[in-house]
>>> print(open('data33.txt').read())   # compact mmCIF, C-alpha atoms and all ligand atoms
# COMPACT_ATOMS: atom_id res chain seq x y z
CA MET A 160 0.00 0.00 0.00
CA ASN A 161 1.37 3.44 -0.91
CA GLN A 162 1.84 5.66 2.05
CA ILE A 163 -0.89 8.32 2.14
CA LYS A 164 -0.07 11.53 4.04
CA ALA A 165 -2.50 13.85 5.81
CA HIS A 166 -3.52 17.25 4.46
CA LYS A 167 -1.33 19.34 6.79
CA ASP A 168 1.79 17.82 5.21
CA ILE A 169 0.76 18.60 1.65
CA LEU A 170 1.92 22.17 1.24
CA ALA A 171 5.44 21.16 2.17
CA THR A 172 5.53 18.08 -0.02
CA PRO A 173 4.95 17.02 -3.60
CA LYS A 174 1.85 15.10 -4.64
CA ILE A 175 3.89 12.01 -5.51
CA ARG A 176 7.29 11.20 -4.08
CA ILE A 177 9.21 8.29 -5.57
CA ALA A 178 12.37 7.62 -3.59
CA ASN A 179 15.13 5.16 -4.51
CA LEU A 180 12.60 2.88 -6.13
CA THR A 181 13.85 -0.46 -7.40
CA LYS A 182 11.76 -3.33 -8.73
CA GLN A 183 13.14 -6.78 -9.40
CA PHE A 184 11.23 -9.76 -10.72
CA PRO A 185 12.28 -13.34 -10.02
CA THR A 186 12.88 -15.21 -13.30
CA ALA A 187 14.30 -18.62 -14.23
CA ASP A 188 17.66 -16.87 -14.82
CA GLY A 189 17.68 -15.09 -11.47
CA LEU A 190 16.47 -11.64 -10.43
CA PHE A 191 15.59 -9.28 -13.27
CA THR A 192 15.85 -5.57 -12.47
CA ALA A 193 13.00 -3.74 -14.21
CA ILE A 194 13.42 -0.42 -12.33
CA ASP A 195 16.74 0.68 -10.96
CA ASN A 196 16.81 3.26 -8.18
CA ILE A 197 14.41 5.90 -9.50
CA SER A 198 13.81 9.03 -7.43
CA ILE A 199 11.49 11.83 -8.54
CA ASP A 200 9.04 14.29 -6.98
CA ILE A 201 5.89 15.20 -8.90
CA ALA A 202 4.17 18.43 -7.83
CA ALA A 203 0.39 18.56 -7.37
CA GLY A 204 -1.44 19.46 -10.57
CA THR A 205 1.34 18.29 -12.88
CA PHE A 206 0.60 16.46 -16.12
CA PHE A 207 3.63 14.18 -15.88
CA VAL A 208 4.50 12.14 -18.96
CA ILE A 209 6.86 9.16 -19.10
CA VAL A 210 8.54 8.14 -22.33
CA GLY A 211 11.13 5.43 -22.79
CA PRO A 212 12.01 2.49 -25.00
CA SER A 213 10.00 -0.70 -24.95
CA GLY A 214 10.68 -2.81 -21.87
CA CYS A 215 12.32 -0.03 -19.82
CA GLY A 216 9.88 -0.38 -16.93
CA LYS A 217 7.24 2.31 -17.61
CA THR A 218 4.24 0.08 -16.94
CA THR A 219 5.93 -1.47 -13.92
CA LEU A 220 6.41 2.02 -12.47
CA LEU A 221 2.78 2.93 -13.14
CA ARG A 222 1.59 -0.33 -11.58
CA ILE A 223 3.58 0.46 -8.44
CA LEU A 224 2.00 3.94 -8.33
CA GLY A 225 -1.38 2.24 -8.71
CA ASP A 226 -0.71 -0.22 -5.88
CA LEU A 227 -0.84 -3.17 -8.28
CA GLU A 228 2.83 -4.04 -7.62
CA THR A 229 5.02 -3.57 -4.57
CA PRO A 230 8.53 -2.07 -4.69
CA SER A 231 11.49 -4.37 -4.06
CA SER A 232 13.15 -1.45 -2.28
CA GLY A 233 12.58 2.27 -1.96
CA SER A 234 9.18 3.89 -1.62
CA VAL A 235 6.28 5.60 -3.36
CA GLU A 236 4.19 8.11 -1.45
CA VAL A 237 0.99 9.76 -2.68
CA TYR A 238 -0.14 12.71 -0.59
CA ALA A 239 -3.89 12.63 -0.10
CA GLU A 240 -5.62 15.99 -0.14
CA HIS A 241 -9.10 14.55 0.29
CA PRO A 242 -9.13 11.50 2.53
CA GLY A 243 -12.13 9.40 1.51
CA LYS A 244 -11.55 9.85 -2.21
CA PRO A 245 -9.92 6.99 -4.11
CA GLY A 246 -6.14 7.02 -4.25
CA ASN A 247 -5.97 6.56 -8.00
CA SER A 248 -7.84 5.66 -11.18
CA MET A 249 -6.22 3.94 -14.12
CA VAL A 250 -6.81 4.12 -17.86
CA PHE A 251 -5.10 1.43 -19.92
CA GLN A 252 -4.63 0.90 -23.63
CA GLY A 253 -7.30 -1.20 -25.33
CA ASP A 254 -10.50 -2.31 -23.67
CA SER A 255 -10.67 -1.68 -19.96
CA ILE A 256 -14.38 -1.10 -19.47
CA PHE A 257 -16.91 -3.68 -18.31
CA PRO A 258 -18.62 -5.27 -21.34
CA TRP A 259 -21.77 -6.11 -19.39
CA MET A 260 -22.40 -2.50 -18.30
CA THR A 261 -23.78 0.40 -20.33
CA VAL A 262 -21.72 3.53 -20.93
CA TRP A 263 -23.54 5.22 -18.05
CA GLU A 264 -23.04 2.30 -15.66
CA ASN A 265 -19.37 2.07 -16.54
CA ALA A 266 -18.83 5.78 -15.90
CA ALA A 267 -20.76 5.61 -12.63
CA TYR A 268 -19.05 2.45 -11.38
CA GLY A 269 -16.44 3.99 -9.04
CA LEU A 270 -18.86 6.50 -7.53
CA LYS A 271 -21.53 3.86 -6.87
CA LEU A 272 -18.95 1.54 -5.34
CA ARG A 273 -18.13 4.08 -2.68
CA GLY A 274 -21.75 4.94 -1.98
CA VAL A 275 -21.92 8.44 -3.45
CA PRO A 276 -25.57 9.67 -3.31
CA ASP A 277 -27.57 9.09 -6.53
CA ALA A 278 -28.12 12.78 -7.27
CA GLN A 279 -24.38 13.45 -7.14
CA VAL A 280 -23.65 10.39 -9.30
CA ARG A 281 -26.16 11.67 -11.89
CA GLU A 282 -24.59 15.12 -11.91
CA THR A 283 -20.96 13.96 -12.08
CA VAL A 284 -21.50 11.21 -14.65
CA GLY A 285 -23.70 13.51 -16.74
CA HIS A 286 -20.95 16.12 -16.69
CA TYR A 287 -18.16 13.79 -17.84
CA LEU A 288 -20.29 12.02 -20.47
CA ASP A 289 -21.07 15.45 -21.83
CA LYS A 290 -17.38 16.42 -21.82
CA THR A 291 -16.45 13.25 -23.67
CA GLY A 292 -19.30 13.53 -26.18
CA LEU A 293 -20.99 10.36 -24.91
CA THR A 294 -24.31 11.68 -23.62
CA LYS A 295 -26.20 10.31 -26.64
CA PHE A 296 -24.61 6.89 -26.14
CA ALA A 297 -25.24 6.56 -22.39
CA LYS A 298 -27.47 3.50 -22.80
CA ARG A 299 -25.21 1.64 -25.22
CA TYR A 300 -23.06 -1.34 -24.32
CA PRO A 301 -19.33 -1.45 -25.18
CA TYR A 302 -19.86 -3.87 -28.09
CA GLN A 303 -21.96 -1.15 -29.74
CA LEU A 304 -19.11 1.41 -29.54
CA SER A 305 -16.01 2.19 -31.61
CA GLY A 306 -12.52 1.91 -30.09
CA GLY A 307 -12.32 5.68 -29.63
CA MET A 308 -15.68 5.78 -27.86
CA LYS A 309 -14.64 2.97 -25.51
CA GLN A 310 -11.52 4.92 -24.57
CA ARG A 311 -13.74 7.95 -23.94
CA VAL A 312 -15.83 5.87 -21.51
CA SER A 313 -12.65 4.83 -19.73
CA ILE A 314 -11.55 8.46 -19.47
CA ALA A 315 -15.01 9.63 -18.31
CA ARG A 316 -15.00 6.90 -15.64
CA ALA A 317 -11.52 7.82 -14.42
CA PHE A 318 -12.28 11.55 -14.11
CA ALA A 319 -15.76 10.95 -12.61
CA ASN A 320 -14.17 8.79 -9.93
CA ASP A 321 -12.30 11.91 -8.79
CA PRO A 322 -9.15 10.17 -7.54
CA GLU A 323 -6.12 11.76 -5.91
CA ILE A 324 -4.04 10.88 -9.00
CA LEU A 325 -4.82 9.65 -12.51
CA LEU A 326 -2.63 6.96 -14.06
CA MET A 327 -2.77 6.44 -17.83
CA ASP A 328 -0.85 3.74 -19.67
CA GLU A 329 -0.74 4.50 -23.41
CA PRO A 330 -4.49 5.15 -23.46
CA PHE A 331 -4.55 6.26 -27.11
CA SER A 332 -2.00 3.90 -28.62
CA ALA A 333 -4.57 1.60 -30.25
CA LEU A 334 -6.42 4.48 -31.96
CA ASP A 335 -6.02 5.87 -35.46
CA GLU A 336 -4.38 9.26 -35.93
CA GLN A 337 -7.61 11.29 -36.16
CA ASN A 338 -9.16 9.72 -33.08
CA LYS A 339 -5.91 10.10 -31.20
CA THR A 340 -5.81 13.84 -31.90
CA LEU A 341 -9.47 14.26 -30.93
CA LEU A 342 -8.91 12.46 -27.64
CA GLN A 343 -5.77 14.48 -26.93
CA GLU A 344 -7.84 17.65 -27.39
CA GLU A 345 -10.54 16.26 -25.12
CA ILE A 346 -8.19 15.23 -22.37
CA LEU A 347 -6.55 18.67 -22.43
CA ARG A 348 -9.99 20.28 -22.04
CA ILE A 349 -11.13 17.97 -19.25
CA TRP A 350 -7.84 18.14 -17.38
CA GLU A 351 -7.95 21.95 -17.55
CA GLU A 352 -11.07 21.98 -15.31
CA ASP A 353 -9.42 20.82 -12.10
CA LYS A 354 -5.82 20.05 -13.05
CA LYS A 355 -5.49 16.70 -11.40
CA THR A 356 -2.06 15.17 -11.02
CA VAL A 357 -1.70 12.82 -13.98
CA VAL A 358 1.03 10.27 -14.74
CA PHE A 359 0.75 9.36 -18.42
CA ILE A 360 2.82 6.84 -20.38
CA THR A 361 3.25 7.16 -24.12
CA HIS A 362 5.54 6.01 -26.90
CA SER A 363 4.75 9.16 -28.84
CA VAL A 364 7.08 12.12 -28.31
CA ASP A 365 4.49 14.34 -30.02
CA GLU A 366 1.85 13.25 -27.55
CA ALA A 367 4.23 13.81 -24.63
CA VAL A 368 5.00 17.39 -25.70
CA THR A 369 1.35 18.14 -26.53
CA LEU A 370 0.00 17.03 -23.18
CA GLY A 371 2.78 17.25 -20.63
CA ASP A 372 4.03 19.79 -18.12
CA GLN A 373 7.05 17.59 -17.46
CA ILE A 374 8.46 14.71 -19.44
CA MET A 375 10.58 12.01 -17.88
CA VAL A 376 12.74 10.09 -20.34
CA MET A 377 13.69 6.64 -19.07
CA SER A 378 16.79 4.74 -20.08
CA ALA A 379 16.75 1.30 -21.68
CA HIS A 380 16.72 -1.68 -19.29
CA PRO A 381 17.31 -1.43 -16.40
CA GLY A 382 14.92 1.54 -16.18
CA LYS A 383 16.48 4.68 -14.74
CA VAL A 384 15.74 8.39 -15.10
CA LYS A 385 17.67 9.67 -18.11
CA ALA A 386 16.24 13.21 -18.14
CA VAL A 387 13.32 15.26 -16.83
CA ILE A 388 12.31 18.12 -19.11
CA ASP A 389 9.89 20.96 -18.35
CA VAL A 390 7.46 21.74 -21.16
CA PRO A 391 7.10 25.52 -21.29
CA PHE A 392 3.98 25.89 -23.48
CA GLU A 393 1.11 27.89 -22.04
CA ARG A 394 -2.24 26.41 -21.19
CA PRO A 395 -4.95 26.02 -22.26
CA ARG A 396 -3.39 24.40 -25.32
CA GLU A 397 -4.87 23.85 -28.76
CA VAL A 398 -3.29 20.80 -30.37
CA PHE A 399 -2.95 22.14 -33.92
CA GLU A 400 -1.94 25.63 -32.84
CA LEU A 401 0.73 24.19 -30.57
CA ARG A 402 2.09 21.90 -33.26
CA SER A 403 2.55 24.81 -35.64
CA LEU A 404 4.99 26.58 -33.28
CA PRO A 405 8.70 26.33 -34.15
CA ALA A 406 9.44 25.87 -30.42
CA TYR A 407 7.21 22.78 -30.45
CA GLY A 408 9.31 21.14 -33.17
CA GLU A 409 12.48 22.03 -31.29
CA MET A 410 11.17 20.43 -28.13
CA VAL A 411 10.17 17.22 -29.95
CA PHE A 412 13.67 17.16 -31.45
CA GLN A 413 15.25 17.65 -28.01
CA ILE A 414 13.28 14.79 -26.43
CA TRP A 415 14.15 12.56 -29.40
CA GLY A 416 17.79 13.38 -28.76
CA TYR A 417 17.49 11.85 -25.28
CA LEU A 418 15.44 8.92 -26.47
CA ARG A 419 17.27 7.84 -29.61
CA ASP A 420 20.26 6.14 -27.92
CA GLU A 421 17.98 4.39 -25.46
CA VAL A 422 15.74 3.02 -28.19
CA GLN A 423 18.80 1.71 -30.04
CA GLN A 424 20.13 0.13 -26.87
CA ALA A 425 16.77 -1.52 -26.14
CA LYS A 426 16.76 -2.92 -29.68
CA ALA A 427 20.27 -4.30 -29.26
CA GLN A 428 19.25 -5.89 -25.92
CA GLU A 429 16.25 -7.51 -27.59
CA GLU A 430 18.34 -8.86 -30.45
CA ALA A 431 20.89 -10.29 -27.98
CA ARG A 432 18.07 -12.15 -26.21
CA THR A 433 16.71 -13.78 -29.39
N1 LIG B 1 5.96 -10.13 -13.63
C1 LIG B 1 7.11 -10.03 -14.31
N2 LIG B 1 8.04 -11.00 -14.23
C2 LIG B 1 9.21 -10.90 -14.89
N3 LIG B 1 9.56 -9.86 -15.67
C3 LIG B 1 8.66 -8.86 -15.79
C4 LIG B 1 7.40 -8.90 -15.11
N4 LIG B 1 6.72 -7.76 -15.42
C5 LIG B 1 7.53 -7.06 -16.25
N5 LIG B 1 8.69 -7.71 -16.47
C6 LIG B 1 9.81 -7.27 -17.28
O1 LIG B 1 10.22 -5.99 -16.81
C7 LIG B 1 10.61 -5.17 -17.90
C8 LIG B 1 9.82 -3.89 -17.87
O2 LIG B 1 8.48 -4.20 -18.25
P1 LIG B 1 7.40 -3.05 -18.46
O3 LIG B 1 6.16 -3.68 -18.95
O4 LIG B 1 7.31 -2.23 -17.22
O5 LIG B 1 8.10 -2.19 -19.61
P2 LIG B 1 7.49 -1.01 -20.49
O6 LIG B 1 8.50 0.06 -20.52
O7 LIG B 1 6.13 -0.64 -20.01
O8 LIG B 1 7.41 -1.72 -21.91
P3 LIG B 1 6.46 -1.39 -23.19
O9 LIG B 1 6.79 0.00 -23.62
O10 LIG B 1 6.88 -2.41 -24.21
O11 LIG B 1 5.04 -1.54 -22.74
C9 LIG B 1 10.39 -5.99 -19.18
O12 LIG B 1 11.61 -6.56 -19.58
C10 LIG B 1 9.41 -7.06 -18.74
O13 LIG B 1 9.61 -8.25 -19.49
>>> encode(input="data33.txt", output="structure tokens", more="lines below")
Ligand SMILES: Nc1ncnc2c1ncn2[C@@H]1O[C@H](COP(=O)(O)OP(=O)(O)OP(=O)(O)O)[C@@H](O)[C@H]1O
Amino acid sequence: MNQIKAHKDILATPKIRIANLTKQFPTADGLFTAIDNISIDIAAGTFFVIVGPSGCGKTTLLRILGDLETPSSGSVEVYAEHPGKPGNSMVFQGDSIFPWMTVWENAAYGLKLRGVPDAQVRETVGHYLDKTGLTKFAKRYPYQLSGGMKQRVSIARAFANDPEILLMDEPFSALDEQNKTLLQEEILRIWEEDKKTVVFITHSVDEAVTLGDQIMVMSAHPGKVKAVIDVPFERPREVFELRSLPAYGEMVFQIWGYLRDEVQQAKAQEEART
């Protein structure tokens, strides 16, 4: 269980504190180090994006933040501002909504689970279905939805749940380019409302620069922090406007500079294994 701190400690501390975090998995060949001594503080209200080559430990880190894995050593602390609210909500790539529930029921799931009064559930779910363009589809089941719409349900559910932190693992990676851009615009708009602390994994440097306040580049296995870069672009952001700025292209180029060697190293590691 992540350590949750009381409100009085919050002003003096970041929202998420990762300290000397290492994760090893037992394998047939001995211990495999997926994450190697990562330390980072994430301030409240930061849209924090993680990029790194395949297999560098991004998902493992997110799963530890989400209490789905335990650290081998070191610690992860999430500072709770509203005790009683859920610690985190996760959005994964691909299908992560319940196929037997309607859009509305899926979005309301977290709130109902913790006994939020019906009127408040109606208001909150109505708000996020509206924000994600799903109001008309509230009574549909997932099999009646496109991939982009299913991801919208997942996002509506995560925001409606109102967690301390939002964890997103490549939520748009399975979508086509147009849908991806639309969802990036939507998430920017929704996030702008209450600026929750988000940790977001992506393989796309463009997506990282479009969405993020800070970008952490991880090294190839074993996963370490290679660089943490502040993204200076003002908010609210418009995706196309932002992408037309020369400074945007320069930033993408800079992040690629950090990432390129790591991607090559990860490829070489993979080839050595096969
Ligand atoms: N339960 C496990 N047992 C053994 N090894 C594991 C386990 N979970 C993950 N790993 C290994 O740890 C490393 C990091 O995995 P992880 O899924 O966190 O990487 P990733 O950066 O998210 O990769 P990708 O970008 O391809 O999704 C990989 O080499 C993976 O095979």
>>> closest_residue(input="data33.txt", among="A:Leu325, A:Asn320, A:Lys182, A:Glu400", to="Lys244 of chain A", atoms="only C-alpha atoms")
A:Asn320
>>> residues_near_ligand(input="data33.txt", ligand="ligand LIG 1 (chain B)", cutoff="9 Å", atoms="only C-alpha atoms and all ligand atoms", output="number ranges by chain")
A: 182-186, 190-194, 210-222, 328-329, 360-362, 377, 379-382
>>> closest_residue(input="data33.txt", among="A:Gly243, A:Gln413, A:Phe296, A:Tyr287", to="Val275 of chain A", atoms="all atoms listed in the file")
A:Gly243
>>> atom_distance(input="data33.txt", atom1="atom CA of Asp389 of chain A", atom2="atom CA of Met410 of chain A")
9.9 Å
>>> closest_residue(input="data33.txt", among="A:Glu228, A:Asp254, A:Glu366, A:Asp335", to="Phe399 of chain A", atoms="all atoms listed in the file")
A:Glu366
>>> atom_distance(input="data33.txt", atom1="atom CA of Leu180 of chain A", atom2="atom CA of Pro230 of chain A")
6.6 Å
>>> residues_around(input="data33.txt", residues="Val387 of chain A", least_positions_apart="3", cutoff="7 Å", atoms="only C-alpha atoms", output="JSON list (two decimals) with C-alpha atoms, keeping the file's coordinate frame")
[["chain", "number", "residue", "atom", "x", "y", "z"],
["A", 373, "GLN", "CA", 7.05, 17.59, -17.46],
["A", 374, "ILE", "CA", 8.46, 14.71, -19.44],
["A", 375, "MET", "CA", 10.58, 12.01, -17.88],
["A", 376, "VAL", "CA", 12.74, 10.09, -20.34]]
>>> residues_around(input="data33.txt", residues="segment 197-206 of chain A", least_positions_apart="6", cutoff="6 Å", atoms="only C-alpha atoms", output="compact mmCIF listing (two decimals) with C-alpha atoms, in the coordinates of the input")
# COMPACT_ATOMS: atom_id res chain seq x y z
CA PRO A 173 4.95 17.02 -3.60
CA LYS A 174 1.85 15.10 -4.64
CA ILE A 175 3.89 12.01 -5.51
CA ARG A 176 7.29 11.20 -4.08
CA ILE A 177 9.21 8.29 -5.57
CA ALA A 178 12.37 7.62 -3.59
CA ASN A 179 15.13 5.16 -4.51
CA LEU A 180 12.60 2.88 -6.13
CA LYS A 354 -5.82 20.05 -13.05
CA LYS A 355 -5.49 16.70 -11.40
CA THR A 356 -2.06 15.17 -11.02
CA VAL A 357 -1.70 12.82 -13.98
CA GLY A 371 2.78 17.25 -20.63
CA ASP A 372 4.03 19.79 -18.12
CA LYS A 383 16.48 4.68 -14.74
